[in-house]
Structure formats: structure tokens, C-alpha cells
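Notes for the one structure printed next.
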Amino acid sequence: MQAVDLAPSAPISADIFRAAMRQFVGTVSLITVGTGDERSGLVATSAGSLSADPPLVLVCVNRQASSWPLFARHAAFGVNFLRPHHRALAERFSGRDGTTGSARYDGADWRTMVTGAPLLKDAAVAFDCELDDMFDKGSHSVVIGRVMGVATAEGEDALVYWRGGYRSLTA
Ligand SMILES: Cc1cc2nc3c(=O)[nH]c(=O)nc-3n(C[C@H](O)[C@H](O)[C@H](O)COP(=O)(O)O)c2cc1C
């Protein structure tokens, strides 16, 4: 197999970087933040594990995102890893269909655990996080959560994102 250099020399443009990242298989999660009418959130492929002891997760949040101010204000958030049947919910949390704020939560079942952050009841796994740290890098903030609660729901499959589209992991 022959390797093809997309950009043999620096600087790497944002377009080249985005095109390259299409090859990355992302696990799809909903990042949920806020309470009541001030709930919002985003769909993300940047969430993952940071440390087991202490239990920390991280997610990179664009500072232009409408939900970005809510992380510091509420100091808590949820990371909810999705199943394939959550595809429409994921689309809503991307904001692509024009749905904003707490309306993104319509039509799904939510619960709270320790921090009060909204958690998706049938997520493959949901992490209830207290904001541990948040710092800026490039266009994004790296948001670190200390895991205060974990919930899982039955199911075998996972929703992933690859080459610009949602896919079932096993299909
Ligand atoms: C599959 C997918 C993954 C995404 N991953 C991230 C991410 O990791 N971080 C991020 O800030 N935005 C990510 N986005 C964009 C946000 O979900 C969302 O579009 C953005 O926050 C704009 O939302 P707003 O309407 O609330 O401003 C992703 C979008 C899609 C479709």
C-alpha cells in the first residue's frame, strides 16, 4: 500500500487538518450541561478518558459553541456515550437542525445523579462530572471533569462517526 502525503510540509492548514481527521473514528457522545431552561449541550467526538485514579474525563469544547459559557457557570456536566438509535438526538445536539438550548432535550429521557447535570437514561454509559479544570487551547477549551457518578444501560452497539457520517459500530 502506497502512502500519500496530503501536506508534505508545514504549515498545515485547517482544511488539510479537517480532511485528515475524517479518517479518525470518533465515539459519539452528548455533552450535557446546565439545568432547567438553561440546559444545553453539544454532540462531541473529542470526549474520552484522562485518568482512572482519580477518575477524570476530558472533552474539547469550541469557545464559539452556544453551550460553552454554561460549563463555568454550572461547574458540572454529563458525558453520555451513544447507541445507534440516538442518531437523531445526536443531530439535534449538533445544532444543525436549528434546535437550540433546552429544546435539544425534547423526546428523550433524562435523569440526574450527584452533580445535577442532565444524564441520558439509556446512554451506553453516562458519566456525571464535576468541573475539575478548564483551559484554552487554540479555538477550544479543554474541559476536564471529575467523575462523581457512572450509569450504564443494556445494549451491544455503539454510535460512531467516520468520514462525515454516523455509523453503527457493528453494522
Ligand atoms: C459528529 C460531531 C462531533 C463533534 N464534536 C465536537 C467536539 O468534540 N467539540 C466541539 O466543540 N464541537 C463538536 N461538534 C460540534 C458541536 O456539536 C456543535 O455543532 C457546536 O457546538 C455548535 O453548537 P451550537 O449551535 O450550540 O453553537 C461536533 C459535531 C459533530 C456533528
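If you're wondering about the labels, chains in the C-alpha cells are A, B, ... by order shown, residues count from 1 in each chain, ligands from 1 in order shown.
Summary of the local environment: counting only C-alpha atoms, residues at most 10 Å from Trp110 of chain A, other than itself and those fewer than 6 positions away along its chain, are Ala117, Pro118, Leu119, Leu120, Lys121, Asp122 and Ala123 of chain A.
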Mind checking DSSP for chain A and telling me the strand (DSSP E) residues as a ChimeraX atom specification?
/A:26-27,29-33,40-44,48-51,56-62,76-81,110-111,119-120,125-137,140-152,159-162,165-168
Limited to C-alpha atoms, could you put the picked residues into a file as a PDB file, in the first residue's frame?
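Printed below is selection_25.pdb as written:
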```pdb
ATOM      1  CA  GLY A  26     -14.920   9.053  16.723  1.00  0.00           C
ATOM      2  CA  THR A  27     -17.061   7.715  19.545  1.00  0.00           C
ATOM      3  CA  SER A  29     -21.198  11.433  22.982  1.00  0.00           C
ATOM      4  CA  LEU A  30     -23.618  14.090  24.119  1.00  0.00           C
ATOM      5  CA  ILE A  31     -22.102  16.627  26.448  1.00  0.00           C
ATOM      6  CA  THR A  32     -24.942  17.862  28.627  1.00  0.00           C
ATOM      7  CA  VAL A  33     -24.717  20.967  30.768  1.00  0.00           C
ATOM      8  CA  SER A  40     -27.937  22.973  26.529  1.00  0.00           C
ATOM      9  CA  GLY A  41     -25.119  20.863  25.182  1.00  0.00           C
ATOM     10  CA  LEU A  42     -23.330  19.561  22.154  1.00  0.00           C
ATOM     11  CA  VAL A  43     -22.544  16.373  20.335  1.00  0.00           C
ATOM     12  CA  ALA A  44     -18.837  15.600  20.542  1.00  0.00           C
ATOM     13  CA  GLY A  48     -12.591  10.417  26.415  1.00  0.00           C
ATOM     14  CA  SER A  49     -10.726   9.091  29.382  1.00  0.00           C
ATOM     15  CA  LEU A  50      -7.996  11.152  31.041  1.00  0.00           C
ATOM     16  CA  SER A  51      -7.206   9.253  34.254  1.00  0.00           C
ATOM     17  CA  LEU A  56     -11.154  12.091  35.133  1.00  0.00           C
ATOM     18  CA  VAL A  57     -12.602  12.577  31.666  1.00  0.00           C
ATOM     19  CA  LEU A  58     -11.956  15.336  29.163  1.00  0.00           C
ATOM     20  CA  VAL A  59     -13.747  16.939  26.261  1.00  0.00           C
ATOM     21  CA  CYS A  60     -12.650  19.740  23.928  1.00  0.00           C
ATOM     22  CA  VAL A  61     -15.347  22.395  23.518  1.00  0.00           C
ATOM     23  CA  ASN A  62     -15.253  25.129  20.893  1.00  0.00           C
ATOM     24  CA  ALA A  76     -20.864  20.289  36.226  1.00  0.00           C
ATOM     25  CA  PHE A  77     -21.636  18.366  33.047  1.00  0.00           C
ATOM     26  CA  GLY A  78     -22.545  14.945  31.699  1.00  0.00           C
ATOM     27  CA  VAL A  79     -20.721  12.818  29.127  1.00  0.00           C
ATOM     28  CA  ASN A  80     -23.177  10.384  27.546  1.00  0.00           C
ATOM     29  CA  PHE A  81     -21.856   7.818  25.054  1.00  0.00           C
ATOM     30  CA  TRP A 110     -33.124  12.270  31.372  1.00  0.00           C
ATOM     31  CA  ARG A 111     -32.075  11.828  34.963  1.00  0.00           C
ATOM     32  CA  LEU A 119     -27.773  12.435  32.026  1.00  0.00           C
ATOM     33  CA  LEU A 120     -29.298  10.419  29.193  1.00  0.00           C
ATOM     34  CA  VAL A 125     -22.540   4.797  29.576  1.00  0.00           C
ATOM     35  CA  ALA A 126     -23.098   8.184  31.204  1.00  0.00           C
ATOM     36  CA  PHE A 127     -20.517   9.994  33.331  1.00  0.00           C
ATOM     37  CA  ASP A 128     -21.746  12.537  35.876  1.00  0.00           C
ATOM     38  CA  CYS A 129     -18.932  15.085  36.184  1.00  0.00           C
ATOM     39  CA  GLU A 130     -17.964  17.946  38.414  1.00  0.00           C
ATOM     40  CA  LEU A 131     -15.888  20.561  36.571  1.00  0.00           C
ATOM     41  CA  ASP A 132     -12.276  19.965  37.632  1.00  0.00           C
ATOM     42  CA  ASP A 133     -10.418  22.302  35.284  1.00  0.00           C
ATOM     43  CA  MET A 134     -10.867  24.176  32.050  1.00  0.00           C
ATOM     44  CA  PHE A 135      -8.208  25.839  29.918  1.00  0.00           C
ATOM     45  CA  ASP A 136      -7.984  27.267  26.410  1.00  0.00           C
ATOM     46  CA  LYS A 137      -6.012  25.755  23.537  1.00  0.00           C
ATOM     47  CA  HIS A 140     -11.291  25.206  22.016  1.00  0.00           C
ATOM     48  CA  SER A 141     -11.336  24.838  25.773  1.00  0.00           C
ATOM     49  CA  VAL A 142     -10.113  21.579  27.231  1.00  0.00           C
ATOM     50  CA  VAL A 143     -12.785  20.766  29.797  1.00  0.00           C
ATOM     51  CA  ILE A 144     -11.813  18.247  32.469  1.00  0.00           C
ATOM     52  CA  GLY A 145     -14.421  16.526  34.575  1.00  0.00           C
ATOM     53  CA  ARG A 146     -14.043  14.621  37.826  1.00  0.00           C
ATOM     54  CA  VAL A 147     -16.361  11.635  37.604  1.00  0.00           C
ATOM     55  CA  MET A 148     -18.836  11.609  40.502  1.00  0.00           C
ATOM     56  CA  GLY A 149     -21.270   9.025  39.146  1.00  0.00           C
ATOM     57  CA  VAL A 150     -21.476   6.422  36.372  1.00  0.00           C
ATOM     58  CA  ALA A 151     -24.538   4.748  34.863  1.00  0.00           C
ATOM     59  CA  THR A 152     -24.788   2.153  32.098  1.00  0.00           C
ATOM     60  CA  LEU A 159     -22.677   5.060  17.600  1.00  0.00           C
ATOM     61  CA  VAL A 160     -19.508   6.196  15.853  1.00  0.00           C
ATOM     62  CA  TYR A 161     -18.702   8.984  13.411  1.00  0.00           C
ATOM     63  CA  TRP A 162     -16.385   8.372  10.462  1.00  0.00           C
ATOM     64  CA  GLY A 165     -21.329  10.329   8.784  1.00  0.00           C
ATOM     65  CA  TYR A 166     -22.838   8.482  11.738  1.00  0.00           C
ATOM     66  CA  ARG A 167     -22.452   4.709  11.722  1.00  0.00           C
ATOM     67  CA  SER A 168     -23.285   1.773  13.908  1.00  0.00           C
TER      68      SER A 168
END
```
Output as an MDAnalysis selection string all residues of chain A that backbone DSSP marks as alpha helix (DSSP H).
chainID A and resid 14:21 68:74 87:93
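Minimum distance to ligand 1 across A:Ala3, A:Ala103, A:Ile12, A:Ala20 (counting only C-alpha atoms and all ligand atoms) occurs at A:Ala103.
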Name the closest residue to ligand 1 among the candidates A:Asp5, A:Asp15, A:Glu91, A:Asp53; distances are taken between atoms, counting only C-alpha atoms and all ligand atoms.
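When distances to ligand 1 are compared using only C-alpha atoms and all ligand atoms, the smallest one comes from A:Glu91.
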Could you list, as an MDAnalysis selection string, every residue within 9 Å of Glu38 of chain A, counting only C-alpha atoms and ignoring same-chain residues fewer than 6 positions away?
chainID A and resid 70 101:102
Selection above as a file: all heavy atoms, as a short mmCIF file (atom, residue, chain, number, x, y, z; two decimals), in the first residue's frame:
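Okay, selection.cif is ready:
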```
data_model
loop_
_atom_site.label_atom_id
_atom_site.label_comp_id
_atom_site.auth_asym_id
_atom_site.auth_seq_id
_atom_site.Cartn_x
_atom_site.Cartn_y
_atom_site.Cartn_z
N LEU A 70 -21.87 27.77 29.72
CA LEU A 70 -22.57 27.03 30.77
C LEU A 70 -21.63 26.15 31.61
O LEU A 70 -21.94 25.81 32.75
CB LEU A 70 -23.68 26.17 30.17
CG LEU A 70 -24.77 26.93 29.40
CD1 LEU A 70 -25.82 25.95 28.88
CD2 LEU A 70 -25.43 27.98 30.30
N GLY A 101 -30.64 25.26 22.82
CA GLY A 101 -30.88 25.23 24.27
C GLY A 101 -31.60 23.99 24.75
O GLY A 101 -31.33 22.87 24.32
N SER A 102 -32.56 24.21 25.67
CA SER A 102 -33.22 23.07 26.33
C SER A 102 -34.10 22.27 25.38
O SER A 102 -34.43 21.12 25.67
CB SER A 102 -34.02 23.56 27.54
OG SER A 102 -35.05 24.40 27.13
#
```
Let me make sure I understand: among A:Val114, A:Leu82, A:Thr100, A:Leu169, which one has the smallest atom-to-atom distance to Ser67 of chain A if we use only C-alpha atoms?
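Checking each of A:Val114, A:Leu82, A:Thr100, A:Leu169 against Ser67 of chain A, counting only C-alpha atoms, the winner is A:Thr100.
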Rank nothing, just name the residue among A:Ser46, A:Thr170, A:Thr99, A:Ser9 nearest to ligand 1, using only C-alpha atoms and all ligand atoms.
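Using only C-alpha atoms and all ligand atoms, ligand 1 sits closest to A:Ser46.
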Of the candidates A:Ala19, A:Leu6, A:Val25, A:Met1, which shows the shortest atom-to-atom distance to ligand 1, using only C-alpha atoms and all ligand atoms?
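Checking each of A:Ala19, A:Leu6, A:Val25, A:Met1 against ligand 1, counting only C-alpha atoms and all ligand atoms, the winner is A:Val25.
Contact shell of Arg163 of chain A at 8 Å (only C-alpha atoms; same-chain neighbours under 4 positions omitted): Arg22, Gln23, Phe24 and Val25 of chain A.
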Take the residues from that selection and put them in a file with C-alpha atoms, as a PDB file, in the first residue's frame.
```pdb
ATOM      1  CA  ARG A  22     -12.150  12.417   8.520  1.00  0.00           C
ATOM      2  CA  GLN A  23     -10.142   9.168   8.858  1.00  0.00           C
ATOM      3  CA  PHE A  24     -10.455   9.299  12.665  1.00  0.00           C
ATOM      4  CA  VAL A  25     -13.184   7.005  14.022  1.00  0.00           C
TER       5      VAL A  25
END
```
Would you mind reading off the distance between atom CA of Ala88 of chain A and atom CA of Ala171 of chain A, one decimal, in Å?
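According to the coordinates, atom CA of Ala88 of chain A and atom CA of Ala171 of chain A are separated by 17.4 Å.
Distance-wise, atom 21 (O, counted along the ligand's line) of ligand 1 and atom CA of Arg92 of chain A end up 10.6 Å apart.
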Here is a test: counting only C-alpha atoms, which residue of A:Ala47, A:Thr112, A:Val28, A:Pro69 is nearest to Ala158 of chain A?
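For Ala158 of chain A, the nearest of the candidates is A:Val28.
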Could you please determine the separation between atom CA of Arg63 of chain A and atom 26 (O, counted along the ligand's line) of ligand 1 in Å, to one decimal place?
10.2 Å
